[in-house]
Amino acid sequence: MKIKLFSALAIATALFAFSCSKGSSGRDTFTVMTYNIGSLSKYEGCSAEGIASVIKAENPVIVGLNELDSCNTRHNTYQLKDIADALGSWNCSFSKSLDYKGGSYGNGVVSKKPIIASYRIELPRFEGSEIRSVAVVETEDMVFAATHLEHTSRAVSRSQAAIINDWFAIHYTGYDKPVILCGDLNSAPSSPTLIELGRLWNVLSVDDPTHSTENPRSCIDYILSFKTAREVKVLDSKVVYKEKGVNVARESDHFPVMVKFKVLPKKESLTFVHMTDTQIGFKDETPSWQLSRDRMHAAVDVVNAIHPAMAFITGDLINDAYDTLQNRIYVEEKARFTPSIPVYEVPGNHDIRGYSEDKHAHYMELRGYDRFSIEKEGHAFVGFDTNCIKDGAKKVEEEQLEWLEAELAKYAGAKTLNIFIHCPIIRENIYEKEDYFNFPMDKRFKYISLFKKYGVDAVYAGHTHQDYYSEYEGIKFITAGPVGSPLKLGYTGFNIVNIGPSGIIAEFVATPGEGLSQRITF
């Protein structure tokens, strides 16, 4: 399932609607195109018919278009519809980016196939930049999106890419159709914007120059596919410099880009969410901890709409382990998860503050367990308590370590082996300085050696109230930011994790509303 959210800035008040994937229509090879048409105003004689002639020559099934005027005083016509008509009454969908000269200006999609759904993602406006948007459509064969990112600031462009990543992670992780993003990204292949997108997208198109048509020097137009949706294989790609019967270089200041791809057979995919530091009451001065409740409430709403296979919460469930109201709020909000989404927890340092038998017993009385070991679709998930490790409770740590090794050995044949803890073993690298937010050096090597021995694939943690990602000896170390209050440059949110053909891919997404506004600050 997917959520249909219509504006990245208005997600908090959007209504959730759902649509099941219809799968492939049987055909598995498609040609797609992206084309910045320059509002048909770059050169004398530019026309909808000229653009249509270029498109027809490549015979794509769907095309993303940038810089479209719509009934303004510069062009008192609906350019997208004009191009669709010139193609032979194709279907079309327009996404306004901004009001312009009495009309509008933005992106659009033209499609041979019927458009069964369409959405508009509004990208945030920063000082000195234009309002931008993404046009998203769905046909029976694919999800297809066209966008045009900021050109005046690398930081703005990268932030827009991050918002796009979040939106597609929420809506299309594990989707059973190809999900394609295209457009004028105003960024070079090695830019921070393409690096940001590259965490969740594969670039399908060639990196030959697309701009300008008078002096082709820059590759800034791209076609990409979403890594955690249905896989595709590129069969052909090119920048369209010439076509018989039409002067491509005089129709726009951008050359169009074409990709032909094959949709690959469906493969196994498992999606879960990793939440942490719900921490009801932390940095919250509102009456009855209302801010904390609202943050967890919003996160649970989105998780329910995504409907993952499981949810894991890695500690600091509440701020004060003995505060009955904080505990009641946490229990009530946890109960709001859809019953078919099992939720597993481990304790954080605020749940057992300063390890002792009494404090551990109090936690067990509230939660019922302090570790877990489960298997889902051949994948193994093991969670345990890091408080005894950090606080030096040697006897308890030894007992837990014996249990842990037995559980890891039990999953020797698992497809993947995933560990859930509160305190990260490492945040950014194995030799980082020991501090409050990681393991002591001797402990980190001890546990990493154990994980290597049993083939652990990923370790998920929290505690830092910021998100981090690192790898060491083939093990991914994924630290999520908080559902509750962030620290420093962090923001509220949770990880969406997909285990599929592209491996383990985790995206820390901002919780709609407040979390989103924090995410776009730079």
# chains A, B, ... in the order shown; residues from 1 in each chain; ligands from 1
call {"tool": "closest_atom_pairs", "arguments": {"of": "segment 219-310 of chain A", "to": "segment 39-55 of chain A", "cutoff": "8 Å", "atoms": "only C-alpha atoms", "output": "tab-separated table"}}
result
residue	atom	partner	partner_atom	distance
A:Glu243	CA	A:Val54	CA	6.6
A:Val246	CA	A:Gly50	CA	6.9
A:Val248	CA	A:Val54	CA	6.9
A:Arg250	CA	A:Tyr43	CA	6.1
A:Glu251	CA	A:Cys46	CA	4.9
A:Ser252	CA	A:Lys42	CA	5.7
A:Asp253	CA	A:Lys42	CA	6.3
call {"tool": "write_last_selection", "arguments": {"atoms": "C-alpha atoms", "output": "mmCIF file, in the first residue's frame"}}
result
data_model
loop_
_atom_site.group_PDB
_atom_site.id
_atom_site.type_symbol
_atom_site.label_atom_id
_atom_site.label_comp_id
_atom_site.auth_asym_id
_atom_site.auth_seq_id
_atom_site.Cartn_x
_atom_site.Cartn_y
_atom_site.Cartn_z
ATOM 1 C CA GLU A 243 16.440 13.807 -34.981
ATOM 2 C CA VAL A 246 13.516 18.577 -36.616
ATOM 3 C CA VAL A 248 16.515 19.571 -31.671
ATOM 4 C CA ARG A 250 16.536 25.034 -31.588
ATOM 5 C CA GLU A 251 13.493 23.690 -29.728
ATOM 6 C CA SER A 252 14.908 24.321 -26.238
ATOM 7 C CA ASP A 253 18.165 25.160 -24.483
#
call {"tool": "select_by_dssp", "arguments": {"residues": "segment 106-139 of chain A", "states": "strand (DSSP E or B)", "output": "list in words"}}
result
Gly106, Asn107, Gly108, Val109, Val110, Ser111, Ala117, Ser118, Tyr119, Arg120, Ile121, Glu122, Leu123, Arg132, Ser133, Val134, Ala135, Val136, Val137 and Glu138 of chain A
call {"tool": "write_last_selection", "arguments": {"atoms": "N, CA, C and O atoms", "output": "short mmCIF file (atom, residue, chain, number, x, y, z; two decimals), in the first residue's frame"}}
result
data_model
loop_
_atom_site.label_atom_id
_atom_site.label_comp_id
_atom_site.auth_asym_id
_atom_site.auth_seq_id
_atom_site.Cartn_x
_atom_site.Cartn_y
_atom_site.Cartn_z
N GLY A 106 5.38 25.40 -14.17
CA GLY A 106 5.75 24.21 -13.42
C GLY A 106 6.19 23.04 -14.28
O GLY A 106 6.76 23.22 -15.36
N ASN A 107 5.91 21.83 -13.77
CA ASN A 107 6.32 20.58 -14.40
C ASN A 107 5.09 19.80 -14.85
O ASN A 107 3.97 20.03 -14.36
N GLY A 108 5.30 18.86 -15.75
CA GLY A 108 4.19 18.04 -16.18
C GLY A 108 4.63 16.70 -16.72
O GLY A 108 5.82 16.45 -16.94
N VAL A 109 3.66 15.83 -16.93
CA VAL A 109 3.89 14.51 -17.49
C VAL A 109 2.89 14.28 -18.62
O VAL A 109 1.70 14.59 -18.47
N VAL A 110 3.37 13.76 -19.76
CA VAL A 110 2.48 13.30 -20.82
C VAL A 110 2.67 11.79 -20.96
O VAL A 110 3.79 11.30 -20.90
N SER A 111 1.57 11.08 -21.16
CA SER A 111 1.62 9.61 -21.15
C SER A 111 0.69 9.03 -22.21
O SER A 111 -0.46 9.46 -22.35
N ALA A 117 -3.66 7.85 -11.33
CA ALA A 117 -3.55 8.66 -10.11
C ALA A 117 -2.49 9.72 -10.36
O ALA A 117 -1.55 9.50 -11.13
N SER A 118 -2.65 10.87 -9.73
CA SER A 118 -1.65 11.93 -9.86
C SER A 118 -1.55 12.70 -8.56
O SER A 118 -2.54 12.88 -7.86
N TYR A 119 -0.32 13.15 -8.24
CA TYR A 119 -0.05 13.87 -7.00
C TYR A 119 0.91 15.02 -7.27
O TYR A 119 1.67 14.99 -8.23
N ARG A 120 0.88 15.99 -6.40
CA ARG A 120 1.80 17.12 -6.47
C ARG A 120 2.56 17.20 -5.15
O ARG A 120 1.96 17.26 -4.08
N ILE A 121 3.88 17.18 -5.23
CA ILE A 121 4.72 17.39 -4.04
C ILE A 121 5.25 18.82 -4.11
O ILE A 121 5.93 19.19 -5.07
N GLU A 122 4.91 19.62 -3.13
CA GLU A 122 5.46 20.98 -3.07
C GLU A 122 6.78 20.95 -2.32
O GLU A 122 6.84 20.51 -1.17
N LEU A 123 7.82 21.40 -2.97
CA LEU A 123 9.13 21.46 -2.33
C LEU A 123 9.28 22.81 -1.65
O LEU A 123 8.80 23.82 -2.14
N ARG A 132 9.40 25.21 -5.87
CA ARG A 132 9.56 24.08 -6.79
C ARG A 132 8.54 23.00 -6.45
O ARG A 132 7.96 22.99 -5.36
N SER A 133 8.35 22.07 -7.37
CA SER A 133 7.39 20.99 -7.13
C SER A 133 7.80 19.73 -7.87
O SER A 133 8.74 19.74 -8.67
N VAL A 134 7.09 18.66 -7.60
CA VAL A 134 7.27 17.39 -8.30
C VAL A 134 5.89 16.94 -8.79
O VAL A 134 4.93 16.91 -8.02
N ALA A 135 5.81 16.62 -10.07
CA ALA A 135 4.59 16.03 -10.63
C ALA A 135 4.74 14.51 -10.59
O ALA A 135 5.69 13.97 -11.17
N VAL A 136 3.82 13.84 -9.92
CA VAL A 136 3.88 12.38 -9.78
C VAL A 136 2.62 11.79 -10.39
O VAL A 136 1.50 12.24 -10.07
N VAL A 137 2.78 10.81 -11.27
CA VAL A 137 1.62 10.11 -11.82
C VAL A 137 1.85 8.60 -11.70
O VAL A 137 2.97 8.14 -11.55
N GLU A 138 0.74 7.89 -11.76
CA GLU A 138 0.82 6.42 -11.80
C GLU A 138 0.01 5.93 -12.98
O GLU A 138 -1.13 6.36 -13.21
#
call {"tool": "closest_residue", "arguments": {"among": "A:Pro192, A:Gly174, A:Gly183, A:Gly383", "to": "Arg154 of chain A", "atoms": "only C-alpha atoms"}}
result
A:Pro192
call {"tool": "closest_residue", "arguments": {"among": "A:Ser288, A:Ser93, A:Ser157, A:Ser225", "to": "Thr139 of chain A", "atoms": "only C-alpha atoms"}}
result
A:Ser93
call {"tool": "closest_residue", "arguments": {"among": "A:Ala510, A:Ile37, A:Ala409, A:Ile116", "to": "Glu140 of chain A", "atoms": "only C-alpha atoms"}}
result
A:Ile116
call {"tool": "residues_around", "arguments": {"residues": "Asp301 of chain A", "least_positions_apart": "4", "cutoff": "9 Å", "atoms": "only C-alpha atoms", "output": "compact mmCIF listing (two decimals) with C-alpha atoms, in the first residue's frame"}}
result
# COMPACT_ATOMS: atom_id res chain seq x y z
CA MET A 296 4.63 9.91 18.81
CA HIS A 297 1.03 10.15 17.63
CA ALA A 305 -0.36 4.05 6.75
CA ILE A 306 2.89 2.51 5.47
CA ARG A 336 -2.47 2.77 18.40
CA PHE A 337 -0.25 0.72 16.09
call {"tool": "closest_residue", "arguments": {"among": "A:Lys415, A:Lys112, A:His465, A:Lys359", "to": "Phe282 of chain A", "atoms": "only C-alpha atoms"}}
result
A:His465
call {"tool": "closest_residue", "arguments": {"among": "A:Pro265, A:Pro347, A:Gly38, A:Pro287", "to": "Ala249 of chain A", "atoms": "only C-alpha atoms"}}
result
A:Gly38
call {"tool": "residues_around", "arguments": {"residues": "Arg353 of chain A", "least_positions_apart": "2", "cutoff": "10 Å", "atoms": "only C-alpha atoms", "output": "list in words"}}
result
Asp316, Asn319, Asp320, Ala321, Pro347, Gly348, Asn349, His350, Asp351, Tyr355, Ser356, Lys359, His360, Asn387 and Asp391 of chain A
call {"tool": "write_last_selection", "arguments": {"atoms": "N, CA and C atoms", "output": "PDB file, in the first residue's frame"}}
result
ATOM      1  N   ASP A 316      14.786   4.276  25.315  1.00  0.00           N
ATOM      2  CA  ASP A 316      14.354   5.576  25.821  1.00  0.00           C
ATOM      3  C   ASP A 316      12.903   5.798  25.412  1.00  0.00           C
ATOM      4  N   ASN A 319      11.016   9.393  29.364  1.00  0.00           N
ATOM      5  CA  ASN A 319      12.167  10.118  29.909  1.00  0.00           C
ATOM      6  C   ASN A 319      12.462   9.732  31.354  1.00  0.00           C
ATOM      7  N   ASP A 320      11.422   9.550  32.136  1.00  0.00           N
ATOM      8  CA  ASP A 320      11.560   9.201  33.558  1.00  0.00           C
ATOM      9  C   ASP A 320      10.871   7.866  33.787  1.00  0.00           C
ATOM     10  N   ALA A 321      11.654   6.855  34.071  1.00  0.00           N
ATOM     11  CA  ALA A 321      11.119   5.498  34.177  1.00  0.00           C
ATOM     12  C   ALA A 321      10.038   5.360  35.242  1.00  0.00           C
ATOM     13  N   PRO A 347      15.218  -1.672  26.097  1.00  0.00           N
ATOM     14  CA  PRO A 347      15.309  -0.514  26.977  1.00  0.00           C
ATOM     15  C   PRO A 347      16.456   0.424  26.614  1.00  0.00           C
ATOM     16  N   GLY A 348      16.261   1.703  26.941  1.00  0.00           N
ATOM     17  CA  GLY A 348      17.324   2.686  26.827  1.00  0.00           C
ATOM     18  C   GLY A 348      17.799   3.113  28.198  1.00  0.00           C
ATOM     19  N   ASN A 349      18.749   4.011  28.238  1.00  0.00           N
ATOM     20  CA  ASN A 349      19.326   4.421  29.521  1.00  0.00           C
ATOM     21  C   ASN A 349      18.348   5.226  30.373  1.00  0.00           C
ATOM     22  N   HIS A 350      17.312   5.824  29.758  1.00  0.00           N
ATOM     23  CA  HIS A 350      16.288   6.501  30.552  1.00  0.00           C
ATOM     24  C   HIS A 350      15.243   5.522  31.065  1.00  0.00           C
ATOM     25  N   ASP A 351      15.171   4.356  30.492  1.00  0.00           N
ATOM     26  CA  ASP A 351      14.244   3.326  30.965  1.00  0.00           C
ATOM     27  C   ASP A 351      14.821   2.554  32.148  1.00  0.00           C
ATOM     28  N   TYR A 355      22.229   1.120  36.072  1.00  0.00           N
ATOM     29  CA  TYR A 355      21.760  -0.259  36.156  1.00  0.00           C
ATOM     30  C   TYR A 355      21.769  -0.789  37.590  1.00  0.00           C
ATOM     31  N   SER A 356      20.646  -1.385  38.006  1.00  0.00           N
ATOM     32  CA  SER A 356      20.546  -2.099  39.279  1.00  0.00           C
ATOM     33  C   SER A 356      19.452  -3.138  39.131  1.00  0.00           C
ATOM     34  N   LYS A 359      15.965  -1.487  39.441  1.00  0.00           N
ATOM     35  CA  LYS A 359      15.553  -0.709  38.270  1.00  0.00           C
ATOM     36  C   LYS A 359      15.245  -1.602  37.080  1.00  0.00           C
ATOM     37  N   HIS A 360      16.022  -2.669  36.946  1.00  0.00           N
ATOM     38  CA  HIS A 360      15.737  -3.626  35.886  1.00  0.00           C
ATOM     39  C   HIS A 360      14.405  -4.319  36.127  1.00  0.00           C
ATOM     40  N   ASN A 387      22.300  -1.293  28.503  1.00  0.00           N
ATOM     41  CA  ASN A 387      22.539  -0.605  29.776  1.00  0.00           C
ATOM     42  C   ASN A 387      23.550  -1.337  30.653  1.00  0.00           C
ATOM     43  N   ASP A 391      26.950   0.419  31.753  1.00  0.00           N
ATOM     44  CA  ASP A 391      27.045   0.710  33.187  1.00  0.00           C
ATOM     45  C   ASP A 391      27.958  -0.243  33.947  1.00  0.00           C
TER      46      ASP A 391
END
call {"tool": "closest_residue", "arguments": {"among": "A:Leu270, A:Lys488, A:Leu68, A:Lys56", "to": "Leu87 of chain A", "atoms": "only C-alpha atoms"}}
result
A:Lys56
call {"tool": "select_by_dssp", "arguments": {"residues": "segment 88-177 of chain A", "states": "helix (DSSP H, G or I)", "output": "PyMOL selection string"}}
result
chain A and resi 154-172
call {"tool": "write_last_selection", "arguments": {"atoms": "N, CA, C and O atoms", "output": "PDB file, in the first residue's frame"}}
result
ATOM      1  N   ARG A 154      23.472  25.080  -3.945  1.00  0.00           N
ATOM      2  CA  ARG A 154      23.662  23.640  -3.767  1.00  0.00           C
ATOM      3  C   ARG A 154      22.952  23.141  -2.517  1.00  0.00           C
ATOM      4  O   ARG A 154      22.399  22.039  -2.485  1.00  0.00           O
ATOM      5  N   ALA A 155      22.979  23.963  -1.459  1.00  0.00           N
ATOM      6  CA  ALA A 155      22.352  23.556  -0.199  1.00  0.00           C
ATOM      7  C   ALA A 155      20.844  23.408  -0.364  1.00  0.00           C
ATOM      8  O   ALA A 155      20.239  22.463   0.148  1.00  0.00           O
ATOM      9  N   VAL A 156      20.218  24.337  -1.078  1.00  0.00           N
ATOM     10  CA  VAL A 156      18.779  24.255  -1.323  1.00  0.00           C
ATOM     11  C   VAL A 156      18.463  23.028  -2.163  1.00  0.00           C
ATOM     12  O   VAL A 156      17.540  22.259  -1.860  1.00  0.00           O
ATOM     13  N   SER A 157      19.211  22.828  -3.235  1.00  0.00           N
ATOM     14  CA  SER A 157      18.981  21.681  -4.111  1.00  0.00           C
ATOM     15  C   SER A 157      19.114  20.368  -3.343  1.00  0.00           C
ATOM     16  O   SER A 157      18.294  19.457  -3.505  1.00  0.00           O
ATOM     17  N   ARG A 158      20.138  20.259  -2.511  1.00  0.00           N
ATOM     18  CA  ARG A 158      20.335  19.032  -1.734  1.00  0.00           C
ATOM     19  C   ARG A 158      19.178  18.828  -0.757  1.00  0.00           C
ATOM     20  O   ARG A 158      18.710  17.706  -0.549  1.00  0.00           O
ATOM     21  N   SER A 159      18.715  19.918  -0.147  1.00  0.00           N
ATOM     22  CA  SER A 159      17.598  19.802   0.779  1.00  0.00           C
ATOM     23  C   SER A 159      16.327  19.372   0.054  1.00  0.00           C
ATOM     24  O   SER A 159      15.546  18.564   0.571  1.00  0.00           O
ATOM     25  N   GLN A 160      16.112  19.874  -1.156  1.00  0.00           N
ATOM     26  CA  GLN A 160      14.968  19.430  -1.950  1.00  0.00           C
ATOM     27  C   GLN A 160      15.080  17.943  -2.280  1.00  0.00           C
ATOM     28  O   GLN A 160      14.083  17.214  -2.249  1.00  0.00           O
ATOM     29  N   ALA A 161      16.293  17.488  -2.575  1.00  0.00           N
ATOM     30  CA  ALA A 161      16.508  16.058  -2.843  1.00  0.00           C
ATOM     31  C   ALA A 161      16.174  15.221  -1.611  1.00  0.00           C
ATOM     32  O   ALA A 161      15.603  14.124  -1.726  1.00  0.00           O
ATOM     33  N   ALA A 162      16.526  15.724  -0.425  1.00  0.00           N
ATOM     34  CA  ALA A 162      16.227  14.996   0.814  1.00  0.00           C
ATOM     35  C   ALA A 162      14.723  14.871   1.036  1.00  0.00           C
ATOM     36  O   ALA A 162      14.227  13.825   1.465  1.00  0.00           O
ATOM     37  N   ILE A 163      13.982  15.936   0.739  1.00  0.00           N
ATOM     38  CA  ILE A 163      12.520  15.901   0.864  1.00  0.00           C
ATOM     39  C   ILE A 163      11.935  14.876  -0.113  1.00  0.00           C
ATOM     40  O   ILE A 163      11.028  14.109   0.225  1.00  0.00           O
ATOM     41  N   ILE A 164      12.456  14.869  -1.338  1.00  0.00           N
ATOM     42  CA  ILE A 164      11.999  13.884  -2.330  1.00  0.00           C
ATOM     43  C   ILE A 164      12.269  12.470  -1.823  1.00  0.00           C
ATOM     44  O   ILE A 164      11.406  11.578  -1.916  1.00  0.00           O
ATOM     45  N   ASN A 165      13.453  12.233  -1.290  1.00  0.00           N
ATOM     46  CA  ASN A 165      13.772  10.913  -0.741  1.00  0.00           C
ATOM     47  C   ASN A 165      12.765  10.501   0.325  1.00  0.00           C
ATOM     48  O   ASN A 165      12.270   9.366   0.331  1.00  0.00           O
ATOM     49  N   ASP A 166      12.475  11.406   1.255  1.00  0.00           N
ATOM     50  CA  ASP A 166      11.532  11.091   2.322  1.00  0.00           C
ATOM     51  C   ASP A 166      10.155  10.731   1.762  1.00  0.00           C
ATOM     52  O   ASP A 166       9.538   9.738   2.163  1.00  0.00           O
ATOM     53  N   TRP A 167       9.668  11.556   0.842  1.00  0.00           N
ATOM     54  CA  TRP A 167       8.313  11.349   0.311  1.00  0.00           C
ATOM     55  C   TRP A 167       8.192   9.994  -0.385  1.00  0.00           C
ATOM     56  O   TRP A 167       7.231   9.246  -0.157  1.00  0.00           O
ATOM     57  N   PHE A 168       9.169   9.682  -1.205  1.00  0.00           N
ATOM     58  CA  PHE A 168       9.093   8.411  -1.929  1.00  0.00           C
ATOM     59  C   PHE A 168       9.340   7.222  -1.004  1.00  0.00           C
ATOM     60  O   PHE A 168       8.766   6.147  -1.206  1.00  0.00           O
ATOM     61  N   ALA A 169      10.186   7.390   0.010  1.00  0.00           N
ATOM     62  CA  ALA A 169      10.391   6.309   0.985  1.00  0.00           C
ATOM     63  C   ALA A 169       9.090   5.991   1.705  1.00  0.00           C
ATOM     64  O   ALA A 169       8.738   4.818   1.917  1.00  0.00           O
ATOM     65  N   ILE A 170       8.350   7.020   2.096  1.00  0.00           N
ATOM     66  CA  ILE A 170       7.080   6.818   2.793  1.00  0.00           C
ATOM     67  C   ILE A 170       6.039   6.178   1.874  1.00  0.00           C
ATOM     68  O   ILE A 170       5.297   5.283   2.275  1.00  0.00           O
ATOM     69  N   HIS A 171       5.996   6.621   0.633  1.00  0.00           N
ATOM     70  CA  HIS A 171       4.924   6.187  -0.257  1.00  0.00           C
ATOM     71  C   HIS A 171       5.208   4.906  -1.035  1.00  0.00           C
ATOM     72  O   HIS A 171       4.284   4.155  -1.343  1.00  0.00           O
ATOM     73  N   TYR A 172       6.483   4.654  -1.389  1.00  0.00           N
ATOM     74  CA  TYR A 172       6.737   3.610  -2.384  1.00  0.00           C
ATOM     75  C   TYR A 172       7.809   2.595  -1.995  1.00  0.00           C
ATOM     76  O   TYR A 172       8.232   1.824  -2.850  1.00  0.00           O
TER      77      TYR A 172
END
call {"tool": "residues_around", "arguments": {"residues": "Arg367 of chain A", "least_positions_apart": "6", "cutoff": "12 Å", "atoms": "only C-alpha atoms", "output": "list in words"}}
result
Gly315, Leu317, Ile318, Ala321, Asn327, Arg328, Tyr330, Val331, Lys334, Val343, Tyr344, Glu345, Val346, Pro347, Asp351, Ile352, His360 and Ala361 of chain A
call {"tool": "residues_around", "arguments": {"residues": "segment 395-408 of chain A", "least_positions_apart": "2", "cutoff": "8 Å", "atoms": "only C-alpha atoms", "output": "VMD selection string"}}
result
chain A and resid 373 382 384 388 to 389 392 to 393 410 to 412 450 454
call {"tool": "write_last_selection", "arguments": {"atoms": "C-alpha atoms", "output": "mmCIF file, in the first residue's frame"}}
result
data_model
loop_
_atom_site.group_PDB
_atom_site.id
_atom_site.type_symbol
_atom_site.label_atom_id
_atom_site.label_comp_id
_atom_site.auth_asym_id
_atom_site.auth_seq_id
_atom_site.Cartn_x
_atom_site.Cartn_y
_atom_site.Cartn_z
ATOM 1 C CA SER A 373 14.638 -12.884 19.149
ATOM 2 C CA VAL A 382 17.565 -9.888 17.734
ATOM 3 C CA PHE A 384 19.101 -6.767 23.662
ATOM 4 C CA CYS A 388 24.352 -3.420 31.543
ATOM 5 C CA ILE A 389 27.217 -3.042 29.050
ATOM 6 C CA GLY A 392 29.538 -2.085 33.855
ATOM 7 C CA ALA A 393 27.111 -4.660 35.301
ATOM 8 C CA LYS A 410 20.507 -20.341 15.966
ATOM 9 C CA TYR A 411 20.176 -18.036 12.939
ATOM 10 C CA ALA A 412 23.201 -19.277 11.024
ATOM 11 C CA LEU A 450 30.939 -11.605 17.834
ATOM 12 C CA TYR A 454 27.832 -15.081 13.193
#
call {"tool": "residues_around", "arguments": {"residues": "segment 419-429 of chain A", "least_positions_apart": "3", "cutoff": "9 Å", "atoms": "only C-alpha atoms", "output": "JSON, numbers by chain"}}
result
{"A": [274, 276, 277, 312, 313, 314, 315, 316, 345, 346, 347, 348, 349, 380, 381, 382, 383, 384, 385, 386, 387, 390, 432, 436, 437, 438, 439, 440, 443, 444, 445, 447, 448, 451, 456, 457, 458, 459, 460, 461, 462, 463, 464, 467, 468, 469, 470, 471, 472, 477, 478, 479]}
call {"tool": "decode", "arguments": {"residues": "segment 284-290 of chain A", "atoms": "all heavy atoms", "output": "PDB file, in the first residue's frame"}}
result
ATOM      1  N   ASP A 284      10.354  18.699  27.052  1.00  0.00           N
ATOM      2  CA  ASP A 284       8.940  18.984  26.819  1.00  0.00           C
ATOM      3  C   ASP A 284       8.397  19.762  28.017  1.00  0.00           C
ATOM      4  O   ASP A 284       8.284  19.229  29.117  1.00  0.00           O
ATOM      5  CB  ASP A 284       8.177  17.671  26.624  1.00  0.00           C
ATOM      6  CG  ASP A 284       6.715  17.884  26.261  1.00  0.00           C
ATOM      7  OD1 ASP A 284       6.253  19.044  26.258  1.00  0.00           O
ATOM      8  OD2 ASP A 284       6.031  16.882  25.983  1.00  0.00           O
ATOM      9  N   GLU A 285       8.051  21.015  27.794  1.00  0.00           N
ATOM     10  CA  GLU A 285       7.515  21.849  28.866  1.00  0.00           C
ATOM     11  C   GLU A 285       6.012  22.060  28.723  1.00  0.00           C
ATOM     12  O   GLU A 285       5.420  22.891  29.421  1.00  0.00           O
ATOM     13  CB  GLU A 285       8.236  23.202  28.867  1.00  0.00           C
ATOM     14  CG  GLU A 285       9.737  23.081  29.151  1.00  0.00           C
ATOM     15  CD  GLU A 285      10.453  24.416  29.142  1.00  0.00           C
ATOM     16  OE1 GLU A 285       9.777  25.449  28.888  1.00  0.00           O
ATOM     17  OE2 GLU A 285      11.667  24.433  29.376  1.00  0.00           O
ATOM     18  N   THR A 286       5.379  21.313  27.826  1.00  0.00           N
ATOM     19  CA  THR A 286       3.934  21.466  27.639  1.00  0.00           C
ATOM     20  C   THR A 286       3.179  20.747  28.752  1.00  0.00           C
ATOM     21  O   THR A 286       3.675  19.767  29.321  1.00  0.00           O
ATOM     22  CB  THR A 286       3.497  20.886  26.286  1.00  0.00           C
ATOM     23  OG1 THR A 286       3.854  19.496  26.237  1.00  0.00           O
ATOM     24  CG2 THR A 286       4.160  21.626  25.148  1.00  0.00           C
ATOM     25  N   PRO A 287       1.971  21.218  29.071  1.00  0.00           N
ATOM     26  CA  PRO A 287       1.164  20.526  30.098  1.00  0.00           C
ATOM     27  C   PRO A 287       0.881  19.086  29.689  1.00  0.00           C
ATOM     28  O   PRO A 287       0.580  18.802  28.531  1.00  0.00           O
ATOM     29  CB  PRO A 287      -0.125  21.361  30.138  1.00  0.00           C
ATOM     30  CG  PRO A 287       0.252  22.701  29.602  1.00  0.00           C
ATOM     31  CD  PRO A 287       1.311  22.435  28.569  1.00  0.00           C
ATOM     32  N   SER A 288       1.028  18.202  30.640  1.00  0.00           N
ATOM     33  CA  SER A 288       0.708  16.777  30.447  1.00  0.00           C
ATOM     34  C   SER A 288       1.489  16.152  29.301  1.00  0.00           C
ATOM     35  O   SER A 288       1.023  15.209  28.665  1.00  0.00           O
ATOM     36  CB  SER A 288      -0.798  16.581  30.222  1.00  0.00           C
ATOM     37  OG  SER A 288      -1.545  17.072  31.302  1.00  0.00           O
ATOM     38  N   TRP A 289       2.690  16.689  29.040  1.00  0.00           N
ATOM     39  CA  TRP A 289       3.577  16.139  28.018  1.00  0.00           C
ATOM     40  C   TRP A 289       2.899  16.064  26.652  1.00  0.00           C
ATOM     41  O   TRP A 289       3.075  15.103  25.904  1.00  0.00           O
ATOM     42  CB  TRP A 289       4.084  14.746  28.428  1.00  0.00           C
ATOM     43  CG  TRP A 289       4.526  14.607  29.847  1.00  0.00           C
ATOM     44  CD1 TRP A 289       4.022  13.755  30.782  1.00  0.00           C
ATOM     45  CD2 TRP A 289       5.580  15.324  30.510  1.00  0.00           C
ATOM     46  NE1 TRP A 289       4.671  13.894  31.984  1.00  0.00           N
ATOM     47  CE2 TRP A 289       5.637  14.871  31.850  1.00  0.00           C
ATOM     48  CE3 TRP A 289       6.464  16.331  30.115  1.00  0.00           C
ATOM     49  CZ2 TRP A 289       6.532  15.354  32.773  1.00  0.00           C
ATOM     50  CZ3 TRP A 289       7.355  16.833  31.044  1.00  0.00           C
ATOM     51  CH2 TRP A 289       7.392  16.345  32.350  1.00  0.00           C
ATOM     52  N   GLN A 290       2.119  17.092  26.289  1.00  0.00           N
ATOM     53  CA  GLN A 290       1.345  17.048  25.056  1.00  0.00           C
ATOM     54  C   GLN A 290       2.228  17.039  23.810  1.00  0.00           C
ATOM     55  O   GLN A 290       1.913  16.368  22.820  1.00  0.00           O
ATOM     56  CB  GLN A 290       0.384  18.239  24.987  1.00  0.00           C
ATOM     57  CG  GLN A 290      -0.617  18.151  23.846  1.00  0.00           C
ATOM     58  CD  GLN A 290      -1.535  16.948  23.950  1.00  0.00           C
ATOM     59  OE1 GLN A 290      -2.040  16.622  25.033  1.00  0.00           O
ATOM     60  NE2 GLN A 290      -1.736  16.240  22.829  1.00  0.00           N
TER      61      GLN A 290
END
